[in-house]
Structure formats: C-alpha cells, structure tokens
Amino acid sequence: MEKIKKLFKVPSMSTYFSSDVITPSQMFNDLLKKASDCAKLVGSDIYDPNFRPFTFLFNATLVVLFGLVAINVYDIYLFRNDIVRCVFCMITLSASFQSLAKTYTFIVLRQNQLALKEKAENFLVNLETPEFSEVFEKWMMLAAHTGVFITVLYLFCVGLIIVYPVIFYFIFGERILHFGIEIPMLDWKESWVAYGLNFLFQCICLILFVSASIATNFIVICLLTSAFGQFEMLNILISHLNQLAINNDEGKNNGEIKAAIKLLVQKHMELIE
C-alpha cells in the first residue's frame, strides 16, 4: 500500500521546478520556458528575445502546413464520391485551419502575447507577499499539473497513431495510412516507396501539429491560471477591506481603507487589461 501511495503521490514543486523555494513569478516564467521548448520544434519560440519568424525550421513548417492544405483540398475532390473518406479529409483539413489560426495568434500577433506575459509577470512581482504568494503558487502548480497531463496525453496519442498502421499490417497483412489523405500521384497501395513517403509525410504533420498544440495550450493555461489567481487575490483584498470597514471605530482605519480601495481598484483595472 505504501508503494502504491508513493507511486501516485501528487508531484511537489521541486518535481517541476528547480526547488521548493521559488517565487510565483519565477514559476510562471519557468512554465512558459517549458512551453517554449516545444515551440522550438516548429521554429516558434516567441519568448526568445532573438526570435525571427522566417527561420529555416519555421519556413519548413509553413511549407508542410500549406502542402497539407493543398493535399486535403485535392483529396476532397478526388474522393468526392466516397462520402466517408471525403468527410475524413474535411476533418483533417480543420487541423490545418487550427494551425493557421495559431500561427496568426502567436506569430503575427506576437507583440500581444509578449504584452500579456509582461502584465501577468508584473502582477505577480508586485504582490509577492506570503499570503498572495501562496495563492499564486497554488494556481501555478495547477498549471504545471495540467501541462504535464496534456503533454503525456498528446505523446501517448502520437505514439498510438504512428504505430497502429504497423500493427494493423502485421495482424491483417494490409497497408493503411494514419489519416484519410494521400499525396497525389503516389500509389501507396502498390509501391512501398510511395507508401513510405505518405507514411513519413503524415508522421511529420502529426508531430508538428502536436508540438505546436502542446506549446500553445500550455501558454494559454499559464495565462488563464495567472488570471484565476488574480481573481482570488482580489477576493482577499475585498475581505481585508471589509475587515477594515467593520473595525473602523471612530474613523481610525480611514487611511488604511483609502489605501486598500486604491490598491483594489488598481489591481482590478490591471486584471481587466
């Protein structure tokens, strides 16, 4: 029983970060650094001060993306009389649109992402008191747990998708591809070379899509949990203000109440931004 408890023990702060003694702002930056490591696989480390969008890796990713769109459109026309394959190609095409949307949001609008990061970081730095730090540590740990979960889930799905055509072939002796799309003019059912090219192309598309998805989802999770922490912090400030008002005998807390209201309004406006 003790071994089982240790196996399923909730990871501590030192599991994800360099130590158990770390500020919420450092935790926030460390989490975004981990997201950036995944983004590097598609040439999109937007938090790198030396980031340049049109590197070889990023350009290669765009070539694969637009190639996938073209192949999808061609296959939809090719399989127009096969409703099942046609719908499958439309579903695959939706992944291309997701990729284009993420490219626009995180690359074209990169300055917006940097501004969001700066605002969240400043919020954390300016309120690093023991009480507020405990609140933000809780939310940053939740972000870390969620990030690990989606990463493991994505990687498991990638591994399963990549190997299942191989398993299917060994069981049934029939070649299949991961998805319903196929590169034009390559007869993968008759040629092992053509099959290998289709197999490799779909693996590359899958790995690039998953790498970008892990990175972007992790960034969104970090920003959202930071905002949730800020909402909880506002509740604490309101509770403090309420206590000051209740104990304001003969106006002895008037100065503190004014300062508390000013801080509350300031932090509320920062959160709205």
# chains A, B, ... in the order shown; residues from 1 in each chain; ligands from 1
$ residues_around --residues "region 57-63 of chain A" --least-positions-apart "6" --cutoff "12 Å" --atoms "only C-alpha atoms" --output "list in words"
Ala39, Lys40, Leu41, Val42, Gly43, Ser44, Asp45, Ile46, Phe51, Val69, Ala70, Ile71, Ser96, Ser99, Leu100, Thr103, Ile107, Phe201, Ile204, Cys205, Leu206, Ile207, Leu208, Phe209, Ser211 and Ala212 of chain A
$ residues_around --residues "Thr146 (chain A)" --least-positions-apart "4" --cutoff "12 Å" --atoms "only C-alpha atoms" --output "list in words"
Pro11, Tyr16, Leu31, Trp139, Met140, Met141, Leu142, Ile150, Thr151, Val152, Leu153, Ile214, Asn217, Phe218, Ile219, Val220, Ile221, Cys222, Leu224 and Thr225 of chain A
$ write_last_selection --atoms "N, CA and C atoms" --output "PDB file, in the first residue's frame"
ATOM      1  N   PRO A  11       2.847  15.261  -7.517  1.00  0.00           N
ATOM      2  CA  PRO A  11       4.173  15.874  -7.647  1.00  0.00           C
ATOM      3  C   PRO A  11       4.278  17.172  -6.847  1.00  0.00           C
ATOM      4  N   TYR A  16       8.658  19.933 -10.629  1.00  0.00           N
ATOM      5  CA  TYR A  16       8.546  20.728 -11.842  1.00  0.00           C
ATOM      6  C   TYR A  16       9.589  21.842 -11.929  1.00  0.00           C
ATOM      7  N   LEU A  31       7.416  27.893 -16.408  1.00  0.00           N
ATOM      8  CA  LEU A  31       6.389  27.179 -17.160  1.00  0.00           C
ATOM      9  C   LEU A  31       6.356  27.634 -18.614  1.00  0.00           C
ATOM     10  N   TRP A 139      -2.048  28.154  -7.976  1.00  0.00           N
ATOM     11  CA  TRP A 139      -2.504  28.204  -9.371  1.00  0.00           C
ATOM     12  C   TRP A 139      -1.386  27.826 -10.347  1.00  0.00           C
ATOM     13  N   MET A 140      -0.145  28.207 -10.042  1.00  0.00           N
ATOM     14  CA  MET A 140       0.961  27.823 -10.921  1.00  0.00           C
ATOM     15  C   MET A 140       1.204  26.305 -10.866  1.00  0.00           C
ATOM     16  N   MET A 141       1.010  25.706  -9.687  1.00  0.00           N
ATOM     17  CA  MET A 141       1.133  24.254  -9.582  1.00  0.00           C
ATOM     18  C   MET A 141       0.029  23.565 -10.376  1.00  0.00           C
ATOM     19  N   LEU A 142      -1.173  24.148 -10.342  1.00  0.00           N
ATOM     20  CA  LEU A 142      -2.274  23.594 -11.132  1.00  0.00           C
ATOM     21  C   LEU A 142      -1.947  23.670 -12.626  1.00  0.00           C
ATOM     22  N   ILE A 150      -1.611  17.147 -20.273  1.00  0.00           N
ATOM     23  CA  ILE A 150      -1.888  17.248 -21.711  1.00  0.00           C
ATOM     24  C   ILE A 150      -0.680  16.811 -22.533  1.00  0.00           C
ATOM     25  N   THR A 151       0.532  17.036 -22.011  1.00  0.00           N
ATOM     26  CA  THR A 151       1.732  16.597 -22.730  1.00  0.00           C
ATOM     27  C   THR A 151       1.782  15.078 -22.813  1.00  0.00           C
ATOM     28  N   VAL A 152       1.550  14.413 -21.682  1.00  0.00           N
ATOM     29  CA  VAL A 152       1.549  12.944 -21.663  1.00  0.00           C
ATOM     30  C   VAL A 152       0.440  12.408 -22.561  1.00  0.00           C
ATOM     31  N   LEU A 153      -0.732  13.044 -22.509  1.00  0.00           N
ATOM     32  CA  LEU A 153      -1.870  12.603 -23.324  1.00  0.00           C
ATOM     33  C   LEU A 153      -1.559  12.741 -24.816  1.00  0.00           C
ATOM     34  N   ILE A 214       0.834  21.501 -27.996  1.00  0.00           N
ATOM     35  CA  ILE A 214       1.299  21.451 -26.607  1.00  0.00           C
ATOM     36  C   ILE A 214       1.795  22.831 -26.180  1.00  0.00           C
ATOM     37  N   ASN A 217      -1.248  25.446 -26.076  1.00  0.00           N
ATOM     38  CA  ASN A 217      -2.169  25.136 -24.974  1.00  0.00           C
ATOM     39  C   ASN A 217      -1.527  25.432 -23.620  1.00  0.00           C
ATOM     40  N   PHE A 218      -0.239  25.118 -23.494  1.00  0.00           N
ATOM     41  CA  PHE A 218       0.473  25.370 -22.241  1.00  0.00           C
ATOM     42  C   PHE A 218       0.555  26.876 -21.959  1.00  0.00           C
ATOM     43  N   ILE A 219       0.807  27.665 -22.998  1.00  0.00           N
ATOM     44  CA  ILE A 219       0.853  29.123 -22.825  1.00  0.00           C
ATOM     45  C   ILE A 219      -0.502  29.651 -22.364  1.00  0.00           C
ATOM     46  N   VAL A 220      -1.571  29.195 -23.008  1.00  0.00           N
ATOM     47  CA  VAL A 220      -2.920  29.636 -22.637  1.00  0.00           C
ATOM     48  C   VAL A 220      -3.239  29.227 -21.202  1.00  0.00           C
ATOM     49  N   ILE A 221      -2.873  28.009 -20.823  1.00  0.00           N
ATOM     50  CA  ILE A 221      -3.116  27.529 -19.454  1.00  0.00           C
ATOM     51  C   ILE A 221      -2.392  28.405 -18.444  1.00  0.00           C
ATOM     52  N   CYS A 222      -1.133  28.751 -18.723  1.00  0.00           N
ATOM     53  CA  CYS A 222      -0.355  29.602 -17.795  1.00  0.00           C
ATOM     54  C   CYS A 222      -1.004  30.967 -17.626  1.00  0.00           C
ATOM     55  N   LEU A 224      -4.206  31.750 -18.205  1.00  0.00           N
ATOM     56  CA  LEU A 224      -5.513  31.607 -17.561  1.00  0.00           C
ATOM     57  C   LEU A 224      -5.374  31.389 -16.057  1.00  0.00           C
ATOM     58  N   THR A 225      -4.476  30.495 -15.658  1.00  0.00           N
ATOM     59  CA  THR A 225      -4.310  30.240 -14.223  1.00  0.00           C
ATOM     60  C   THR A 225      -3.776  31.472 -13.503  1.00  0.00           C
TER      61      THR A 225
END
$ select_by_dssp --residues "region 97-208 of chain A" --states "helix (DSSP H, G or I)" --output "number ranges by chain"
A: 97-108, 110-126, 130-172, 192-208
$ write_last_selection --atoms "C-alpha atoms" --output "PDB file, in the first residue's frame"
ATOM      1  CA  PHE A  97      -7.198  25.826 -40.129  1.00  0.00           C
ATOM      2  CA  GLN A  98      -6.363  25.424 -36.439  1.00  0.00           C
ATOM      3  CA  SER A  99      -2.674  25.663 -37.322  1.00  0.00           C
ATOM      4  CA  LEU A 100      -3.258  28.807 -39.383  1.00  0.00           C
ATOM      5  CA  ALA A 101      -5.218  30.364 -36.504  1.00  0.00           C
ATOM      6  CA  LYS A 102      -2.416  29.559 -34.054  1.00  0.00           C
ATOM      7  CA  THR A 103       0.168  30.989 -36.451  1.00  0.00           C
ATOM      8  CA  TYR A 104      -1.802  34.234 -36.619  1.00  0.00           C
ATOM      9  CA  THR A 105      -2.427  34.404 -32.862  1.00  0.00           C
ATOM     10  CA  PHE A 106       1.054  33.556 -31.634  1.00  0.00           C
ATOM     11  CA  ILE A 107       3.325  34.677 -34.507  1.00  0.00           C
ATOM     12  CA  VAL A 108       1.596  37.546 -36.328  1.00  0.00           C
ATOM     13  CA  ARG A 110       3.410  38.081 -31.096  1.00  0.00           C
ATOM     14  CA  GLN A 111       3.611  41.540 -29.502  1.00  0.00           C
ATOM     15  CA  ASN A 112       0.188  40.964 -27.921  1.00  0.00           C
ATOM     16  CA  GLN A 113       1.451  37.726 -26.395  1.00  0.00           C
ATOM     17  CA  LEU A 114       4.549  39.473 -25.030  1.00  0.00           C
ATOM     18  CA  ALA A 115       2.365  42.222 -23.559  1.00  0.00           C
ATOM     19  CA  LEU A 116       0.128  39.640 -21.854  1.00  0.00           C
ATOM     20  CA  LYS A 117       3.161  37.892 -20.402  1.00  0.00           C
ATOM     21  CA  GLU A 118       4.584  41.178 -19.105  1.00  0.00           C
ATOM     22  CA  LYS A 119       1.288  42.195 -17.467  1.00  0.00           C
ATOM     23  CA  ALA A 120       0.884  38.819 -15.762  1.00  0.00           C
ATOM     24  CA  GLU A 121       4.504  38.814 -14.615  1.00  0.00           C
ATOM     25  CA  ASN A 122       4.298  42.366 -13.229  1.00  0.00           C
ATOM     26  CA  PHE A 123       1.148  41.432 -11.329  1.00  0.00           C
ATOM     27  CA  LEU A 124       2.972  38.517  -9.707  1.00  0.00           C
ATOM     28  CA  VAL A 125       6.110  40.507  -8.899  1.00  0.00           C
ATOM     29  CA  ASN A 126       4.233  43.437  -7.342  1.00  0.00           C
ATOM     30  CA  PRO A 130       3.474  35.450   1.802  1.00  0.00           C
ATOM     31  CA  GLU A 131      -0.333  35.411   1.634  1.00  0.00           C
ATOM     32  CA  PHE A 132      -0.612  36.232  -2.068  1.00  0.00           C
ATOM     33  CA  SER A 133       2.384  34.067  -2.982  1.00  0.00           C
ATOM     34  CA  GLU A 134       0.595  31.058  -1.515  1.00  0.00           C
ATOM     35  CA  VAL A 135      -2.426  31.769  -3.717  1.00  0.00           C
ATOM     36  CA  PHE A 136      -0.394  32.120  -6.919  1.00  0.00           C
ATOM     37  CA  GLU A 137       1.781  29.107  -6.080  1.00  0.00           C
ATOM     38  CA  LYS A 138      -1.399  27.014  -5.923  1.00  0.00           C
ATOM     39  CA  TRP A 139      -2.504  28.204  -9.371  1.00  0.00           C
ATOM     40  CA  MET A 140       0.961  27.823 -10.921  1.00  0.00           C
ATOM     41  CA  MET A 141       1.133  24.254  -9.582  1.00  0.00           C
ATOM     42  CA  LEU A 142      -2.274  23.594 -11.132  1.00  0.00           C
ATOM     43  CA  ALA A 143      -0.919  24.929 -14.444  1.00  0.00           C
ATOM     44  CA  ALA A 144       2.082  22.606 -14.132  1.00  0.00           C
ATOM     45  CA  HIS A 145      -0.106  19.559 -13.380  1.00  0.00           C
ATOM     46  CA  THR A 146      -2.382  20.353 -16.319  1.00  0.00           C
ATOM     47  CA  GLY A 147       0.546  20.963 -18.657  1.00  0.00           C
ATOM     48  CA  VAL A 148       2.116  17.614 -17.778  1.00  0.00           C
ATOM     49  CA  PHE A 149      -1.219  15.849 -18.228  1.00  0.00           C
ATOM     50  CA  ILE A 150      -1.888  17.248 -21.711  1.00  0.00           C
ATOM     51  CA  THR A 151       1.732  16.597 -22.730  1.00  0.00           C
ATOM     52  CA  VAL A 152       1.549  12.944 -21.663  1.00  0.00           C
ATOM     53  CA  LEU A 153      -1.870  12.603 -23.324  1.00  0.00           C
ATOM     54  CA  TYR A 154      -0.641  14.110 -26.598  1.00  0.00           C
ATOM     55  CA  LEU A 155       2.511  11.988 -26.638  1.00  0.00           C
ATOM     56  CA  PHE A 156       0.533   8.818 -25.923  1.00  0.00           C
ATOM     57  CA  CYS A 157      -1.856   9.618 -28.786  1.00  0.00           C
ATOM     58  CA  VAL A 158       1.055  10.397 -31.141  1.00  0.00           C
ATOM     59  CA  GLY A 159       2.739   7.098 -30.343  1.00  0.00           C
ATOM     60  CA  LEU A 160      -0.515   5.196 -30.781  1.00  0.00           C
ATOM     61  CA  ILE A 161      -1.344   6.867 -34.111  1.00  0.00           C
ATOM     62  CA  ILE A 162       2.157   6.327 -35.508  1.00  0.00           C
ATOM     63  CA  VAL A 163       2.368   2.620 -34.675  1.00  0.00           C
ATOM     64  CA  TYR A 164      -1.166   1.471 -35.380  1.00  0.00           C
ATOM     65  CA  PRO A 165      -0.693   1.154 -39.199  1.00  0.00           C
ATOM     66  CA  VAL A 166       2.319  -1.088 -38.480  1.00  0.00           C
ATOM     67  CA  ILE A 167       0.333  -3.204 -36.014  1.00  0.00           C
ATOM     68  CA  PHE A 168      -2.573  -3.391 -38.458  1.00  0.00           C
ATOM     69  CA  TYR A 169      -0.258  -4.623 -41.212  1.00  0.00           C
ATOM     70  CA  PHE A 170       1.243  -7.375 -39.049  1.00  0.00           C
ATOM     71  CA  ILE A 171      -2.210  -8.558 -37.954  1.00  0.00           C
ATOM     72  CA  PHE A 172      -4.165  -8.288 -41.212  1.00  0.00           C
ATOM     73  CA  TRP A 192       6.385   0.519 -50.800  1.00  0.00           C
ATOM     74  CA  VAL A 193       8.319   3.676 -51.702  1.00  0.00           C
ATOM     75  CA  ALA A 194       5.092   5.603 -52.258  1.00  0.00           C
ATOM     76  CA  TYR A 195       3.686   4.151 -49.040  1.00  0.00           C
ATOM     77  CA  GLY A 196       6.828   5.177 -47.140  1.00  0.00           C
ATOM     78  CA  LEU A 197       6.605   8.753 -48.446  1.00  0.00           C
ATOM     79  CA  ASN A 198       2.954   9.013 -47.440  1.00  0.00           C
ATOM     80  CA  PHE A 199       3.715   7.449 -44.050  1.00  0.00           C
ATOM     81  CA  LEU A 200       6.608   9.840 -43.407  1.00  0.00           C
ATOM     82  CA  PHE A 201       4.635  12.922 -44.509  1.00  0.00           C
ATOM     83  CA  GLN A 202       1.743  12.110 -42.208  1.00  0.00           C
ATOM     84  CA  CYS A 203       4.107  11.440 -39.279  1.00  0.00           C
ATOM     85  CA  ILE A 204       5.782  14.820 -39.827  1.00  0.00           C
ATOM     86  CA  CYS A 205       2.402  16.589 -39.973  1.00  0.00           C
ATOM     87  CA  LEU A 206       1.317  14.851 -36.778  1.00  0.00           C
ATOM     88  CA  ILE A 207       4.498  15.675 -34.848  1.00  0.00           C
ATOM     89  CA  LEU A 208       4.473  19.336 -35.931  1.00  0.00           C
TER      90      LEU A 208
END
$ closest_residue --among "A:Leu93, A:Ile246, A:Val265, A:Ile238" --to "Val73 (chain A)" --atoms "only C-alpha atoms"
A:Leu93
$ closest_residue --among "A:Asp37, A:Asp20, A:Glu182, A:Asp48" --to "Tyr74 (chain A)" --atoms "only C-alpha atoms"
A:Glu182
$ atom_distance --atom1 "CA of Thr55 (chain A)" --atom2 "CA of Pro184 (chain A)"
28.1 Å
$ closest_residue --among "A:Val210, A:Gln230, A:Ile257, A:Val84" --to "Gln243 (chain A)" --atoms "only C-alpha atoms"
A:Ile257
$ residues_around --residues "Leu263 (chain A)" --least-positions-apart "3" --cutoff "12 Å" --atoms "only C-alpha atoms" --output "PyMOL selection string"
chain A and resi 123+126-127+233-234+236-238+240-241+256-260+266-270
$ write_last_selection --atoms "N, CA, C and O atoms" --output "PDB file, in the first residue's frame"
ATOM      1  N   PHE A 123       2.157  41.656 -12.364  1.00  0.00           N
ATOM      2  CA  PHE A 123       1.148  41.432 -11.329  1.00  0.00           C
ATOM      3  C   PHE A 123       1.709  40.528 -10.238  1.00  0.00           C
ATOM      4  O   PHE A 123       1.534  40.777  -9.038  1.00  0.00           O
ATOM      5  N   ASN A 126       4.654  42.333  -8.213  1.00  0.00           N
ATOM      6  CA  ASN A 126       4.233  43.437  -7.342  1.00  0.00           C
ATOM      7  C   ASN A 126       3.472  42.963  -6.099  1.00  0.00           C
ATOM      8  O   ASN A 126       3.252  43.756  -5.180  1.00  0.00           O
ATOM      9  N   LEU A 127       3.054  41.702  -6.079  1.00  0.00           N
ATOM     10  CA  LEU A 127       2.285  41.212  -4.932  1.00  0.00           C
ATOM     11  C   LEU A 127       2.904  39.937  -4.356  1.00  0.00           C
ATOM     12  O   LEU A 127       2.201  38.974  -4.058  1.00  0.00           O
ATOM     13  N   MET A 233      -6.953  36.713  -5.631  1.00  0.00           N
ATOM     14  CA  MET A 233      -6.266  37.759  -4.879  1.00  0.00           C
ATOM     15  C   MET A 233      -7.198  38.956  -4.651  1.00  0.00           C
ATOM     16  O   MET A 233      -7.192  39.562  -3.564  1.00  0.00           O
ATOM     17  N   LEU A 234      -8.034  39.299  -5.645  1.00  0.00           N
ATOM     18  CA  LEU A 234      -8.988  40.399  -5.467  1.00  0.00           C
ATOM     19  C   LEU A 234      -9.993  40.074  -4.357  1.00  0.00           C
ATOM     20  O   LEU A 234     -10.386  40.951  -3.583  1.00  0.00           O
ATOM     21  N   ILE A 236      -9.357  38.309  -1.742  1.00  0.00           N
ATOM     22  CA  ILE A 236      -8.632  38.510  -0.482  1.00  0.00           C
ATOM     23  C   ILE A 236      -8.573  39.994  -0.138  1.00  0.00           C
ATOM     24  O   ILE A 236      -8.787  40.392   1.024  1.00  0.00           O
ATOM     25  N   LEU A 237      -8.298  40.822  -1.150  1.00  0.00           N
ATOM     26  CA  LEU A 237      -8.249  42.276  -0.910  1.00  0.00           C
ATOM     27  C   LEU A 237      -9.603  42.810  -0.454  1.00  0.00           C
ATOM     28  O   LEU A 237      -9.678  43.689   0.410  1.00  0.00           O
ATOM     29  N   ILE A 238     -10.671  42.282  -1.041  1.00  0.00           N
ATOM     30  CA  ILE A 238     -12.021  42.708  -0.637  1.00  0.00           C
ATOM     31  C   ILE A 238     -12.297  42.289   0.812  1.00  0.00           C
ATOM     32  O   ILE A 238     -12.880  43.054   1.591  1.00  0.00           O
ATOM     33  N   HIS A 240     -10.043  41.876   3.161  1.00  0.00           N
ATOM     34  CA  HIS A 240      -9.266  42.781   4.030  1.00  0.00           C
ATOM     35  C   HIS A 240      -9.967  44.122   4.173  1.00  0.00           C
ATOM     36  O   HIS A 240     -10.033  44.701   5.270  1.00  0.00           O
ATOM     37  N   LEU A 241     -10.480  44.642   3.043  1.00  0.00           N
ATOM     38  CA  LEU A 241     -11.186  45.927   3.072  1.00  0.00           C
ATOM     39  C   LEU A 241     -12.428  45.834   3.949  1.00  0.00           C
ATOM     40  O   LEU A 241     -12.738  46.760   4.721  1.00  0.00           O
ATOM     41  N   GLU A 256      -6.074  53.547   6.033  1.00  0.00           N
ATOM     42  CA  GLU A 256      -5.861  52.200   5.506  1.00  0.00           C
ATOM     43  C   GLU A 256      -6.952  51.810   4.518  1.00  0.00           C
ATOM     44  O   GLU A 256      -6.698  51.125   3.519  1.00  0.00           O
ATOM     45  N   ILE A 257      -8.192  52.235   4.793  1.00  0.00           N
ATOM     46  CA  ILE A 257      -9.304  51.912   3.891  1.00  0.00           C
ATOM     47  C   ILE A 257      -9.101  52.576   2.533  1.00  0.00           C
ATOM     48  O   ILE A 257      -9.301  51.956   1.482  1.00  0.00           O
ATOM     49  N   LYS A 258      -8.675  53.849   2.550  1.00  0.00           N
ATOM     50  CA  LYS A 258      -8.423  54.550   1.282  1.00  0.00           C
ATOM     51  C   LYS A 258      -7.319  53.855   0.488  1.00  0.00           C
ATOM     52  O   LYS A 258      -7.430  53.684  -0.729  1.00  0.00           O
ATOM     53  N   ALA A 259      -6.248  53.456   1.191  1.00  0.00           N
ATOM     54  CA  ALA A 259      -5.137  52.767   0.522  1.00  0.00           C
ATOM     55  C   ALA A 259      -5.594  51.413  -0.031  1.00  0.00           C
ATOM     56  O   ALA A 259      -5.212  51.010  -1.142  1.00  0.00           O
ATOM     57  N   ALA A 260      -6.445  50.701   0.736  1.00  0.00           N
ATOM     58  CA  ALA A 260      -6.939  49.392   0.303  1.00  0.00           C
ATOM     59  C   ALA A 260      -7.847  49.528  -0.914  1.00  0.00           C
ATOM     60  O   ALA A 260      -7.775  48.712  -1.847  1.00  0.00           O
ATOM     61  N   GLN A 266      -6.803  49.512  -8.538  1.00  0.00           N
ATOM     62  CA  GLN A 266      -5.636  49.405  -9.417  1.00  0.00           C
ATOM     63  C   GLN A 266      -5.464  47.975  -9.936  1.00  0.00           C
ATOM     64  O   GLN A 266      -5.284  47.755 -11.138  1.00  0.00           O
ATOM     65  N   LYS A 267      -5.539  47.007  -9.047  1.00  0.00           N
ATOM     66  CA  LYS A 267      -5.354  45.610  -9.439  1.00  0.00           C
ATOM     67  C   LYS A 267      -6.513  45.107 -10.291  1.00  0.00           C
ATOM     68  O   LYS A 267      -6.334  44.281 -11.194  1.00  0.00           O
ATOM     69  N   HIS A 268      -7.708  45.619 -10.002  1.00  0.00           N
ATOM     70  CA  HIS A 268      -8.866  45.249 -10.822  1.00  0.00           C
ATOM     71  C   HIS A 268      -8.707  45.756 -12.257  1.00  0.00           C
ATOM     72  O   HIS A 268      -8.989  45.025 -13.222  1.00  0.00           O
ATOM     73  N   MET A 269      -8.229  46.973 -12.407  1.00  0.00           N
ATOM     74  CA  MET A 269      -8.022  47.536 -13.743  1.00  0.00           C
ATOM     75  C   MET A 269      -6.910  46.774 -14.477  1.00  0.00           C
ATOM     76  O   MET A 269      -7.024  46.514 -15.681  1.00  0.00           O
ATOM     77  N   GLU A 270      -5.879  46.393 -13.754  1.00  0.00           N
ATOM     78  CA  GLU A 270      -4.796  45.610 -14.381  1.00  0.00           C
ATOM     79  C   GLU A 270      -5.323  44.266 -14.858  1.00  0.00           C
ATOM     80  O   GLU A 270      -4.954  43.795 -15.937  1.00  0.00           O
TER      81      GLU A 270
END
$ atom_distance --atom1 "CA of Ala35 (chain A)" --atom2 "CA of Thr23 (chain A)"
18.7 Å
$ decode --residues "region 221-228 of chain A" --atoms "all heavy atoms" --output "mmCIF file, in the first residue's frame"
data_model
loop_
_atom_site.group_PDB
_atom_site.id
_atom_site.type_symbol
_atom_site.label_atom_id
_atom_site.label_comp_id
_atom_site.auth_asym_id
_atom_site.auth_seq_id
_atom_site.Cartn_x
_atom_site.Cartn_y
_atom_site.Cartn_z
ATOM 1 N N ILE A 221 -2.873 28.009 -20.823
ATOM 2 C CA ILE A 221 -3.116 27.529 -19.454
ATOM 3 C C ILE A 221 -2.392 28.405 -18.444
ATOM 4 O O ILE A 221 -2.956 28.779 -17.402
ATOM 5 C CB ILE A 221 -2.670 26.059 -19.317
ATOM 6 C CG1 ILE A 221 -3.640 25.138 -20.053
ATOM 7 C CG2 ILE A 221 -2.586 25.647 -17.843
ATOM 8 C CD1 ILE A 221 -3.136 23.720 -20.208
ATOM 9 N N CYS A 222 -1.133 28.751 -18.723
ATOM 10 C CA CYS A 222 -0.355 29.602 -17.795
ATOM 11 C C CYS A 222 -1.004 30.967 -17.626
ATOM 12 O O CYS A 222 -1.101 31.491 -16.509
ATOM 13 C CB CYS A 222 1.072 29.767 -18.313
ATOM 14 S SG CYS A 222 2.075 28.272 -18.210
ATOM 15 N N LEU A 223 -1.466 31.561 -18.727
ATOM 16 C CA LEU A 223 -2.095 32.877 -18.661
ATOM 17 C C LEU A 223 -3.442 32.808 -17.942
ATOM 18 O O LEU A 223 -3.777 33.700 -17.157
ATOM 19 C CB LEU A 223 -2.267 33.454 -20.068
ATOM 20 C CG LEU A 223 -0.966 33.803 -20.800
ATOM 21 C CD1 LEU A 223 -1.245 34.176 -22.248
ATOM 22 C CD2 LEU A 223 -0.241 34.945 -20.100
ATOM 23 N N LEU A 224 -4.206 31.750 -18.205
ATOM 24 C CA LEU A 224 -5.513 31.607 -17.561
ATOM 25 C C LEU A 224 -5.374 31.389 -16.057
ATOM 26 O O LEU A 224 -6.085 32.023 -15.264
ATOM 27 C CB LEU A 224 -6.282 30.442 -18.181
ATOM 28 C CG LEU A 224 -6.956 30.693 -19.526
ATOM 29 C CD1 LEU A 224 -7.595 29.425 -20.046
ATOM 30 C CD2 LEU A 224 -7.998 31.798 -19.416
ATOM 31 N N THR A 225 -4.476 30.495 -15.658
ATOM 32 C CA THR A 225 -4.310 30.240 -14.223
ATOM 33 C C THR A 225 -3.776 31.472 -13.503
ATOM 34 O O THR A 225 -4.126 31.720 -12.349
ATOM 35 C CB THR A 225 -3.368 29.043 -13.980
ATOM 36 O OG1 THR A 225 -2.158 29.215 -14.749
ATOM 37 C CG2 THR A 225 -4.026 27.744 -14.379
ATOM 38 N N SER A 226 -2.938 32.242 -14.197
ATOM 39 C CA SER A 226 -2.473 33.508 -13.612
ATOM 40 C C SER A 226 -3.651 34.446 -13.372
ATOM 41 O O SER A 226 -3.755 35.091 -12.318
ATOM 42 C CB SER A 226 -1.450 34.162 -14.543
ATOM 43 O OG SER A 226 -1.107 35.457 -14.087
ATOM 44 N N ALA A 227 -4.561 34.505 -14.342
ATOM 45 C CA ALA A 227 -5.746 35.361 -14.194
ATOM 46 C C ALA A 227 -6.651 34.859 -13.073
ATOM 47 O O ALA A 227 -7.184 35.654 -12.290
ATOM 48 C CB ALA A 227 -6.515 35.411 -15.507
ATOM 49 N N PHE A 228 -6.822 33.538 -12.970
ATOM 50 C CA PHE A 228 -7.642 32.986 -11.888
ATOM 51 C C PHE A 228 -7.031 33.318 -10.526
ATOM 52 O O PHE A 228 -7.742 33.607 -9.558
ATOM 53 C CB PHE A 228 -7.776 31.469 -12.036
ATOM 54 C CG PHE A 228 -8.580 31.054 -13.241
ATOM 55 C CD1 PHE A 228 -8.332 29.842 -13.865
ATOM 56 C CD2 PHE A 228 -9.565 31.866 -13.752
ATOM 57 C CE1 PHE A 228 -9.063 29.449 -14.974
ATOM 58 C CE2 PHE A 228 -10.307 31.495 -14.864
ATOM 59 C CZ PHE A 228 -10.054 30.280 -15.478
#
